[in-house]
$ cat upload_33.txt   # compact mmCIF, C-alpha atoms
# COMPACT_ATOMS: atom_id res chain seq x y z
CA MET A 23 0.00 0.00 0.00
CA SER A 24 1.26 3.48 -0.87
CA THR A 25 2.31 5.77 1.95
CA ASN A 26 1.16 9.37 2.13
CA VAL A 27 4.66 10.50 1.14
CA GLU A 28 4.64 8.29 -1.96
CA MET A 29 1.16 9.48 -2.91
CA GLY A 30 2.21 13.07 -2.32
CA GLY A 31 5.14 12.66 -4.66
CA ARG A 32 2.84 11.36 -7.38
CA ILE A 33 0.39 14.24 -6.85
CA LYS A 34 3.28 16.67 -7.34
CA GLU A 35 4.44 14.75 -10.40
CA GLU A 36 0.98 14.89 -11.99
CA ARG A 37 0.56 18.58 -11.14
CA GLN A 38 3.84 19.40 -12.83
CA ARG A 39 2.96 17.22 -15.79
CA ILE A 40 -0.13 19.28 -16.59
CA GLY A 41 1.76 22.54 -16.00
CA LEU A 42 0.01 24.13 -13.02
CA ALA A 43 1.50 25.96 -10.06
CA GLN A 44 0.78 24.60 -6.58
CA ALA A 45 -1.70 27.33 -5.67
CA ASP A 46 -3.54 27.12 -9.00
CA PHE A 47 -3.80 23.35 -8.87
CA GLY A 48 -5.07 23.41 -5.28
CA SER A 49 -7.65 26.05 -6.13
CA LYS A 50 -9.01 24.02 -9.04
CA CYS A 51 -9.28 21.01 -6.72
CA GLY A 52 -11.10 23.02 -4.03
CA VAL A 53 -8.29 23.35 -1.48
CA SER A 54 -5.87 26.03 -0.30
CA LYS A 55 -2.22 26.26 -1.28
CA THR A 56 -1.34 25.08 2.23
CA SER A 57 -3.49 21.96 1.87
CA GLN A 58 -1.96 21.29 -1.54
CA PHE A 59 1.51 21.57 -0.01
CA ASN A 60 0.51 19.16 2.76
CA TYR A 61 -0.79 16.64 0.23
CA GLU A 62 2.39 16.81 -1.81
CA SER A 63 4.64 16.54 1.25
CA GLY A 64 2.70 13.57 2.60
CA GLU A 65 1.49 15.37 5.73
CA ARG A 66 -2.11 14.62 4.77
CA SER A 67 -3.88 12.36 2.32
CA PRO A 68 -6.47 13.76 -0.14
CA ASP A 69 -10.16 12.86 0.03
CA ALA A 70 -12.37 11.50 -2.76
CA GLU A 71 -13.73 14.95 -3.70
CA TYR A 72 -10.22 16.29 -4.22
CA LEU A 73 -9.23 13.30 -6.34
CA ALA A 74 -12.40 13.61 -8.44
CA LYS A 75 -11.62 17.25 -9.22
CA ALA A 76 -8.02 16.35 -9.97
CA GLY A 77 -9.29 13.76 -12.44
CA GLU A 78 -11.17 16.52 -14.27
CA LEU A 79 -7.80 18.23 -14.81
CA ALA A 80 -6.53 15.12 -16.64
CA VAL A 81 -4.64 13.83 -13.57
CA ASP A 82 -4.14 10.05 -13.65
CA VAL A 83 -5.94 9.36 -10.37
CA LEU A 84 -5.23 5.62 -10.52
CA TYR A 85 -1.52 6.40 -10.67
CA VAL A 86 -1.79 8.85 -7.75
CA VAL A 87 -3.50 6.28 -5.52
CA THR A 88 -1.81 3.02 -6.57
CA GLY A 89 1.37 3.98 -8.38
CA LYS A 90 0.20 2.18 -11.53
CA ARG A 91 -0.58 4.12 -14.69
CA SER A 92 -4.09 3.84 -16.14
CA GLN A 93 -4.68 2.92 -19.75
CA SER A 94 -5.96 6.40 -20.53
CA ALA A 95 -4.27 8.94 -22.77
CA ASN A 96 -3.32 11.24 -19.90
CA ASP A 97 0.33 11.23 -20.90
CA GLU A 98 -0.46 11.84 -24.56
CA TYR A 99 -2.86 14.76 -24.15
CA VAL A 100 -2.89 18.04 -22.27
CA VAL A 101 -6.10 19.82 -21.26
CA ILE A 102 -6.01 23.58 -21.85
CA HIS A 103 -8.78 25.26 -19.90
CA ARG A 104 -11.36 27.56 -21.43
CA HIS A 105 -12.67 30.75 -19.87
CA LYS A 106 -16.42 30.44 -20.33
CA ASN A 107 -17.31 34.05 -19.49
CA VAL A 108 -14.48 35.63 -21.46
CA ALA A 109 -14.68 36.31 -25.19
CA ALA A 110 -12.37 38.20 -27.53
CA SER A 111 -14.31 40.21 -30.06
CA ALA A 112 -13.53 39.99 -33.76
CA GLY A 113 -15.59 43.14 -34.11
CA MET A 114 -16.03 46.33 -32.14
CA GLY A 115 -15.02 44.84 -28.80
CA ALA A 116 -16.41 42.48 -26.17
CA ILE A 117 -16.84 43.65 -22.60
CA ASN A 118 -16.22 40.66 -20.39
CA GLY A 119 -17.81 39.59 -17.17
CA HIS A 120 -16.58 37.35 -14.36
CA ASP A 121 -13.63 35.22 -15.43
CA ASP A 122 -14.52 31.58 -14.76
CA GLU A 123 -12.66 28.58 -16.15
CA THR A 124 -14.65 25.60 -17.31
CA GLU A 125 -13.97 22.48 -19.35
CA GLY A 126 -11.17 22.83 -21.84
CA LEU A 127 -9.81 21.46 -25.09
CA CYS A 128 -7.36 18.56 -25.35
CA PHE A 129 -4.14 18.95 -27.33
CA ARG A 130 -1.53 16.33 -28.07
CA ARG A 131 1.55 16.89 -25.97
CA SER A 132 3.72 16.15 -29.02
CA TRP A 133 1.88 18.89 -30.97
CA LEU A 134 2.58 21.43 -28.24
CA ASN A 135 6.21 20.35 -27.87
CA LYS A 136 6.80 20.59 -31.62
CA ARG A 137 5.69 24.22 -31.50
CA ARG A 138 7.55 24.91 -28.24
CA LEU A 139 4.31 25.80 -26.47
CA GLN A 140 4.16 25.49 -22.67
CA SER A 141 0.78 24.33 -21.41
CA SER A 142 0.98 26.58 -18.34
CA MET A 143 1.08 29.64 -20.64
CA LEU A 144 -1.91 28.64 -22.80
CA LYS A 145 -5.60 29.55 -22.52
CA VAL A 146 -8.67 28.97 -24.67
CA ILE A 147 -11.26 31.73 -25.18
CA ASP A 148 -14.23 32.26 -27.48
CA VAL A 149 -14.37 34.62 -30.46
CA THR A 150 -17.33 36.88 -31.18
CA GLY A 151 -18.00 39.16 -34.15
CA ASP A 152 -16.99 39.20 -37.81
CA SER A 153 -13.95 41.47 -38.17
CA MET A 154 -11.62 38.47 -38.60
CA VAL A 155 -13.88 36.53 -40.98
CA GLY A 156 -11.69 34.63 -43.41
CA LYS A 157 -9.38 33.66 -40.55
CA LEU A 158 -11.67 33.47 -37.52
CA SER A 159 -15.46 33.35 -37.29
CA ASP A 160 -18.04 34.14 -34.64
CA GLY A 161 -18.23 31.15 -32.28
CA ASP A 162 -14.70 29.91 -32.91
CA GLN A 163 -12.40 29.14 -30.01
CA VAL A 164 -8.77 30.25 -30.06
CA LEU A 165 -5.69 28.95 -28.28
CA ILE A 166 -3.62 31.83 -26.92
CA ASP A 167 0.05 31.70 -25.98
CA MET A 168 0.39 34.30 -23.24
CA SER A 169 4.19 34.17 -23.40
CA GLN A 170 4.13 35.84 -26.83
CA THR A 171 3.26 39.48 -26.20
CA THR A 172 5.66 41.21 -28.61
CA PRO A 173 3.69 41.91 -31.82
CA LYS A 174 4.92 40.47 -35.11
CA SER A 175 3.39 41.34 -38.47
CA GLY A 176 1.05 38.73 -39.94
CA TYR A 177 0.00 37.18 -36.63
CA ALA A 178 -3.24 37.63 -34.69
CA TYR A 179 -3.16 38.66 -31.05
CA VAL A 180 -5.64 39.15 -28.23
CA LEU A 181 -5.60 42.74 -26.94
CA LEU A 182 -7.00 44.17 -23.75
CA GLN A 183 -8.20 47.66 -24.62
CA GLY A 184 -9.81 49.21 -21.56
CA ASP A 185 -12.51 46.72 -20.53
CA GLU A 186 -12.67 45.14 -23.98
CA LEU A 187 -10.92 42.13 -25.43
CA LEU A 188 -10.15 42.20 -29.14
CA VAL A 189 -8.64 39.62 -31.47
CA LYS A 190 -6.79 41.52 -34.20
CA TYR A 191 -3.64 41.80 -36.25
CA VAL A 192 -1.18 44.19 -34.63
CA GLN A 193 2.00 45.83 -35.86
CA LEU A 194 4.44 47.88 -33.79
CA LEU A 195 5.46 51.04 -35.66
CA PRO A 196 8.16 53.60 -34.79
CA ASP A 197 7.58 56.06 -31.92
CA GLY A 198 5.44 53.62 -29.92
CA ILE A 199 2.56 53.43 -32.38
CA LEU A 200 0.55 50.19 -32.40
CA ARG A 201 -1.39 49.62 -35.63
CA VAL A 202 -4.50 47.45 -35.19
CA SER A 203 -6.13 45.85 -38.23
CA SER A 204 -8.67 43.18 -39.20
CA GLU A 205 -9.04 40.43 -41.79
CA ASN A 206 -12.44 41.82 -42.81
CA GLN A 207 -11.68 44.92 -44.89
CA SER A 208 -14.96 46.53 -43.74
CA TYR A 209 -13.13 47.30 -40.51
CA LYS A 210 -10.58 50.04 -41.03
CA PRO A 211 -7.15 49.90 -39.37
CA TYR A 212 -6.47 52.33 -36.54
CA ASP A 213 -3.40 53.40 -34.60
CA ILE A 214 -2.84 53.55 -30.84
CA ASP A 215 -0.11 55.78 -29.40
CA LEU A 216 1.27 53.58 -26.62
CA THR A 217 3.20 56.53 -25.20
CA LYS A 218 -0.07 58.28 -24.41
CA THR A 219 -2.21 55.40 -23.14
CA SER A 220 -1.76 52.81 -20.41
CA ASP A 221 -4.99 50.87 -20.88
CA VAL A 222 -3.88 48.78 -23.88
CA SER A 223 -1.91 45.56 -23.55
CA ILE A 224 -1.23 42.45 -25.61
CA LEU A 225 -2.32 39.34 -23.72
CA GLY A 226 -0.94 36.77 -26.15
CA ARG A 227 -0.71 35.44 -29.68
CA VAL A 228 -3.36 33.26 -31.29
CA VAL A 229 -1.56 30.01 -32.12
CA ALA A 230 -4.51 27.77 -33.09
CA SER A 231 -8.28 27.83 -33.47
CA THR A 232 -11.36 25.69 -33.85
CA HIS A 233 -14.00 26.52 -36.45
CA GLU A 234 -17.78 26.40 -36.00
CA TRP A 235 -19.75 25.27 -39.05
$ encode --input "upload_33.txt" --output "structure tokens"
Amino acid sequence: MSTNVEMGGRIKEERQRIGLAQADFGSKCGVSKTSQFNYESGERSPDAEYLAKAGELAVDVLYVVTGKRSQSANDEYVVIHRHKNVAASAGMGAINGHDDETEGLCFRRSWLNKRRLQSSMLKVIDVTGDSMVGKLSDGDQVLIDMSQTTPKSGYAYVLLQGDELLVKYVQLLPDGILRVSSENQSYKPYDIDLTKTSDVSILGRVVASTHEW
């Protein structure tokens, strides 16, 4: 039978495998950072509710409890969580409400590794509007790499502009000018002087998307 210390080591191993910090993992499993630390150190053993929530994060619960890997694809896939109340507008801008993560999308670990994407830096959000039609449509979901915040021409990014999230092309021009443009030519490009505003930031680059038919 596994000891608490052995089980704690496997909890830590699984947490690191899916790319979550101790506090974030504990929160998603309904416990404090202190409790998560105690589980990982073997000071306490987790209850069934904790393990059930961990399973929803793609943790191999059988491995945590017994030390034997399940026959599932937990090692092959990574779950990237989706923010159900957050949408980036491909239009005039989406004002977002309470940020609440829900079920996510599964990506092959090999696919992420090939593109040098770290799961801990990825999020999935919805797209609304039609300004990116031809590339992105209303109802699509996009995978965002939050480590890529320096704009490069030809790529789409998610911007936070005041209280609005936008998915747009961006280009950094001389003198701190950020040019924002759309795929849909009905939406005219516009420039933002970054030296005169502090309420615009680039949250990350769009690296993949789903498409609603």
$ closest_residue --input "upload_33.txt" --among "A:Leu182, A:Leu187, A:Asn26, A:Ser67" --to "Thr150 (chain A)" --atoms "only C-alpha atoms"
A:Leu187
$ closest_atom_pairs --input "upload_33.txt" --of "region 155-197 of chain A" --to "region 208-216 of chain A" --cutoff "10 Å" --atoms "all atoms listed in the file" --output "tab-separated table"
residue	atom	partner	partner_atom	distance
A:Lys190	CA	A:Pro211	CA	9.9
A:Tyr191	CA	A:Pro211	CA	9.4
A:Val192	CA	A:Asp213	CA	9.5
A:Gln193	CA	A:Asp213	CA	9.4
A:Leu194	CA	A:Asp213	CA	9.6
A:Leu195	CA	A:Asp213	CA	9.2
A:Asp197	CA	A:Asp215	CA	8.1
$ atom_distance --input "upload_33.txt" --atom1 "CA of Lys75 (chain A)" --atom2 "CA of Asp148 (chain A)"
23.8 Å
$ residues_around --input "upload_33.txt" --residues "Ser49 (chain A)" --least-positions-apart "3" --cutoff "12 Å" --atoms "only C-alpha atoms" --output "ChimeraX atom specification"
/A:42-46,52-59,72,75-76,79,123
$ residues_around --input "upload_33.txt" --residues "Val180 (chain A)" --least-positions-apart "3" --cutoff "9 Å" --atoms "all atoms listed in the file" --output "VMD selection string"
chain A and resid 110 to 111 166 187 to 191 223 to 228
$ residues_around --input "upload_33.txt" --residues "region 129-131 of chain A" --least-positions-apart "2" --cutoff "9 Å" --atoms "only C-alpha atoms" --output "VMD selection string"
chain A and resid 97 to 102 127 133 to 136 141
$ atom_distance --input "upload_33.txt" --atom1 "CA of Pro173 (chain A)" --atom2 "CA of Gly161 (chain A)"
24.4 Å
$ atom_distance --input "upload_33.txt" --atom1 "CA of Ser153 (chain A)" --atom2 "CA of Tyr179 (chain A)"
13.2 Å
$ residues_near_point --input "upload_33.txt" --point "(-13.0, 29.8, -27.4)" --cutoff "6 Å" --atoms "all atoms listed in the file" --output "PyMOL selection string"
chain A and resi 146-149+162-164
$ closest_residue --input "upload_33.txt" --among "A:Glu65, A:Asp185, A:Asp160, A:Asp167" --to "Lys145 (chain A)" --atoms "only C-alpha atoms"
A:Asp167
$ residues_around --input "upload_33.txt" --residues "Gly156 (chain A)" --least-positions-apart "4" --cutoff "9 Å" --atoms "all atoms listed in the file" --output "list in words"
Asp152, Glu205 and Asn206 of chain A
$ closest_residue --input "upload_33.txt" --among "A:Val202, A:Met168, A:Leu158, A:Ala80" --to "Arg39 (chain A)" --atoms "all atoms listed in the file"
A:Ala80
$ closest_residue --input "upload_33.txt" --among "A:Arg91, A:Arg32, A:Arg201, A:His103" --to "Ser63 (chain A)" --atoms "only C-alpha atoms"
A:Arg32
$ residues_around --input "upload_33.txt" --residues "Glu78 (chain A)" --least-positions-apart "3" --cutoff "10 Å" --atoms "only C-alpha atoms" --output "mmCIF file with C-alpha atoms, in the coordinates of the input"
data_model
loop_
_atom_site.group_PDB
_atom_site.id
_atom_site.type_symbol
_atom_site.label_atom_id
_atom_site.label_comp_id
_atom_site.auth_asym_id
_atom_site.auth_seq_id
_atom_site.Cartn_x
_atom_site.Cartn_y
_atom_site.Cartn_z
ATOM 1 C CA LYS A 50 -9.010 24.020 -9.040
ATOM 2 C CA CYS A 51 -9.280 21.010 -6.720
ATOM 3 C CA LEU A 73 -9.230 13.300 -6.340
ATOM 4 C CA ALA A 74 -12.400 13.610 -8.440
ATOM 5 C CA LYS A 75 -11.620 17.250 -9.220
ATOM 6 C CA VAL A 81 -4.640 13.830 -13.570
ATOM 7 C CA ASP A 82 -4.140 10.050 -13.650
ATOM 8 C CA VAL A 83 -5.940 9.360 -10.370
ATOM 9 C CA VAL A 101 -6.100 19.820 -21.260
ATOM 10 C CA GLU A 125 -13.970 22.480 -19.350
ATOM 11 C CA GLY A 126 -11.170 22.830 -21.840
#
$ closest_residue --input "upload_33.txt" --among "A:Leu84, A:Ala178, A:Cys128, A:Leu200" --to "Glu36 (chain A)" --atoms "all atoms listed in the file"
A:Leu84
$ build_atoms --input "upload_33.txt" --residues "region 203-214 of chain A" --atoms "all heavy atoms" --output "PDB file, keeping the file's coordinate frame"
ATOM      1  N   SER A 203      -5.385  46.063 -36.994  1.00  0.00           N
ATOM      2  CA  SER A 203      -6.130  45.850 -38.230  1.00  0.00           C
ATOM      3  C   SER A 203      -6.882  44.526 -38.177  1.00  0.00           C
ATOM      4  O   SER A 203      -6.674  43.697 -37.289  1.00  0.00           O
ATOM      5  CB  SER A 203      -5.189  45.865 -39.445  1.00  0.00           C
ATOM      6  OG  SER A 203      -4.190  44.867 -39.316  1.00  0.00           O
ATOM      7  N   SER A 204      -7.777  44.334 -39.165  1.00  0.00           N
ATOM      8  CA  SER A 204      -8.670  43.180 -39.200  1.00  0.00           C
ATOM      9  C   SER A 204      -8.517  42.428 -40.513  1.00  0.00           C
ATOM     10  O   SER A 204      -8.011  42.961 -41.511  1.00  0.00           O
ATOM     11  CB  SER A 204     -10.122  43.629 -39.039  1.00  0.00           C
ATOM     12  OG  SER A 204     -10.296  44.415 -37.882  1.00  0.00           O
ATOM     13  N   GLU A 205      -8.997  41.203 -40.545  1.00  0.00           N
ATOM     14  CA  GLU A 205      -9.040  40.430 -41.790  1.00  0.00           C
ATOM     15  C   GLU A 205     -10.154  40.942 -42.684  1.00  0.00           C
ATOM     16  O   GLU A 205      -9.996  41.041 -43.901  1.00  0.00           O
ATOM     17  CB  GLU A 205      -9.249  38.947 -41.456  1.00  0.00           C
ATOM     18  CG  GLU A 205      -9.306  38.024 -42.655  1.00  0.00           C
ATOM     19  CD  GLU A 205      -7.943  37.821 -43.314  1.00  0.00           C
ATOM     20  OE1 GLU A 205      -6.917  38.112 -42.670  1.00  0.00           O
ATOM     21  OE2 GLU A 205      -7.913  37.368 -44.479  1.00  0.00           O
ATOM     22  N   ASN A 206     -11.293  41.275 -42.090  1.00  0.00           N
ATOM     23  CA  ASN A 206     -12.440  41.820 -42.810  1.00  0.00           C
ATOM     24  C   ASN A 206     -12.155  43.290 -43.160  1.00  0.00           C
ATOM     25  O   ASN A 206     -12.019  44.133 -42.274  1.00  0.00           O
ATOM     26  CB  ASN A 206     -13.688  41.710 -41.932  1.00  0.00           C
ATOM     27  CG  ASN A 206     -14.947  42.126 -42.643  1.00  0.00           C
ATOM     28  OD1 ASN A 206     -14.908  42.820 -43.656  1.00  0.00           O
ATOM     29  ND2 ASN A 206     -16.094  41.734 -42.108  1.00  0.00           N
ATOM     30  N   GLN A 207     -12.062  43.588 -44.443  1.00  0.00           N
ATOM     31  CA  GLN A 207     -11.680  44.920 -44.890  1.00  0.00           C
ATOM     32  C   GLN A 207     -12.743  45.979 -44.594  1.00  0.00           C
ATOM     33  O   GLN A 207     -12.495  47.182 -44.774  1.00  0.00           O
ATOM     34  CB  GLN A 207     -11.355  44.902 -46.382  1.00  0.00           C
ATOM     35  CG  GLN A 207     -10.166  44.009 -46.723  1.00  0.00           C
ATOM     36  CD  GLN A 207      -8.916  44.393 -45.950  1.00  0.00           C
ATOM     37  OE1 GLN A 207      -8.475  45.537 -46.015  1.00  0.00           O
ATOM     38  NE2 GLN A 207      -8.345  43.440 -45.216  1.00  0.00           N
ATOM     39  N   SER A 208     -13.927  45.556 -44.139  1.00  0.00           N
ATOM     40  CA  SER A 208     -14.960  46.530 -43.740  1.00  0.00           C
ATOM     41  C   SER A 208     -14.551  47.261 -42.464  1.00  0.00           C
ATOM     42  O   SER A 208     -15.092  48.321 -42.153  1.00  0.00           O
ATOM     43  CB  SER A 208     -16.298  45.819 -43.526  1.00  0.00           C
ATOM     44  OG  SER A 208     -16.758  45.237 -44.736  1.00  0.00           O
ATOM     45  N   TYR A 209     -13.617  46.677 -41.734  1.00  0.00           N
ATOM     46  CA  TYR A 209     -13.130  47.300 -40.510  1.00  0.00           C
ATOM     47  C   TYR A 209     -11.791  47.977 -40.805  1.00  0.00           C
ATOM     48  O   TYR A 209     -10.817  47.322 -41.169  1.00  0.00           O
ATOM     49  CB  TYR A 209     -12.953  46.250 -39.398  1.00  0.00           C
ATOM     50  CG  TYR A 209     -14.253  45.670 -38.908  1.00  0.00           C
ATOM     51  CD1 TYR A 209     -14.876  44.640 -39.607  1.00  0.00           C
ATOM     52  CD2 TYR A 209     -14.849  46.137 -37.742  1.00  0.00           C
ATOM     53  CE1 TYR A 209     -16.073  44.099 -39.157  1.00  0.00           C
ATOM     54  CE2 TYR A 209     -16.046  45.595 -37.277  1.00  0.00           C
ATOM     55  CZ  TYR A 209     -16.650  44.579 -37.998  1.00  0.00           C
ATOM     56  OH  TYR A 209     -17.822  44.046 -37.553  1.00  0.00           O
ATOM     57  N   LYS A 210     -11.766  49.271 -40.679  1.00  0.00           N
ATOM     58  CA  LYS A 210     -10.580  50.040 -41.030  1.00  0.00           C
ATOM     59  C   LYS A 210      -9.505  49.934 -39.948  1.00  0.00           C
ATOM     60  O   LYS A 210      -9.810  49.902 -38.751  1.00  0.00           O
ATOM     61  CB  LYS A 210     -10.945  51.514 -41.240  1.00  0.00           C
ATOM     62  CG  LYS A 210     -11.993  51.735 -42.321  1.00  0.00           C
ATOM     63  CD  LYS A 210     -11.523  51.173 -43.666  1.00  0.00           C
ATOM     64  CE  LYS A 210     -12.557  51.431 -44.762  1.00  0.00           C
ATOM     65  NZ  LYS A 210     -12.125  50.826 -46.062  1.00  0.00           N
ATOM     66  N   PRO A 211      -8.232  49.906 -40.355  1.00  0.00           N
ATOM     67  CA  PRO A 211      -7.150  49.900 -39.370  1.00  0.00           C
ATOM     68  C   PRO A 211      -7.156  51.193 -38.548  1.00  0.00           C
ATOM     69  O   PRO A 211      -7.621  52.235 -39.012  1.00  0.00           O
ATOM     70  CB  PRO A 211      -5.883  49.802 -40.228  1.00  0.00           C
ATOM     71  CG  PRO A 211      -6.348  49.290 -41.557  1.00  0.00           C
ATOM     72  CD  PRO A 211      -7.740  49.829 -41.738  1.00  0.00           C
ATOM     73  N   TYR A 212      -6.628  51.118 -37.354  1.00  0.00           N
ATOM     74  CA  TYR A 212      -6.470  52.330 -36.540  1.00  0.00           C
ATOM     75  C   TYR A 212      -5.188  52.203 -35.731  1.00  0.00           C
ATOM     76  O   TYR A 212      -4.672  51.110 -35.502  1.00  0.00           O
ATOM     77  CB  TYR A 212      -7.682  52.569 -35.636  1.00  0.00           C
ATOM     78  CG  TYR A 212      -7.955  51.477 -34.621  1.00  0.00           C
ATOM     79  CD1 TYR A 212      -7.429  51.534 -33.327  1.00  0.00           C
ATOM     80  CD2 TYR A 212      -8.770  50.393 -34.945  1.00  0.00           C
ATOM     81  CE1 TYR A 212      -7.688  50.548 -32.393  1.00  0.00           C
ATOM     82  CE2 TYR A 212      -9.042  49.401 -34.020  1.00  0.00           C
ATOM     83  CZ  TYR A 212      -8.504  49.486 -32.741  1.00  0.00           C
ATOM     84  OH  TYR A 212      -8.763  48.497 -31.821  1.00  0.00           O
ATOM     85  N   ASP A 213      -4.663  53.351 -35.328  1.00  0.00           N
ATOM     86  CA  ASP A 213      -3.400  53.400 -34.600  1.00  0.00           C
ATOM     87  C   ASP A 213      -3.630  53.791 -33.148  1.00  0.00           C
ATOM     88  O   ASP A 213      -4.515  54.602 -32.834  1.00  0.00           O
ATOM     89  CB  ASP A 213      -2.438  54.397 -35.241  1.00  0.00           C
ATOM     90  CG  ASP A 213      -1.989  53.964 -36.628  1.00  0.00           C
ATOM     91  OD1 ASP A 213      -2.162  52.766 -36.956  1.00  0.00           O
ATOM     92  OD2 ASP A 213      -1.474  54.819 -37.377  1.00  0.00           O
ATOM     93  N   ILE A 214      -2.818  53.223 -32.264  1.00  0.00           N
ATOM     94  CA  ILE A 214      -2.840  53.550 -30.840  1.00  0.00           C
ATOM     95  C   ILE A 214      -1.443  54.052 -30.458  1.00  0.00           C
ATOM     96  O   ILE A 214      -0.442  53.375 -30.715  1.00  0.00           O
ATOM     97  CB  ILE A 214      -3.205  52.331 -29.985  1.00  0.00           C
ATOM     98  CG1 ILE A 214      -4.607  51.827 -30.336  1.00  0.00           C
ATOM     99  CG2 ILE A 214      -3.137  52.672 -28.499  1.00  0.00           C
ATOM    100  CD1 ILE A 214      -4.969  50.518 -29.657  1.00  0.00           C
TER     101      ILE A 214
END
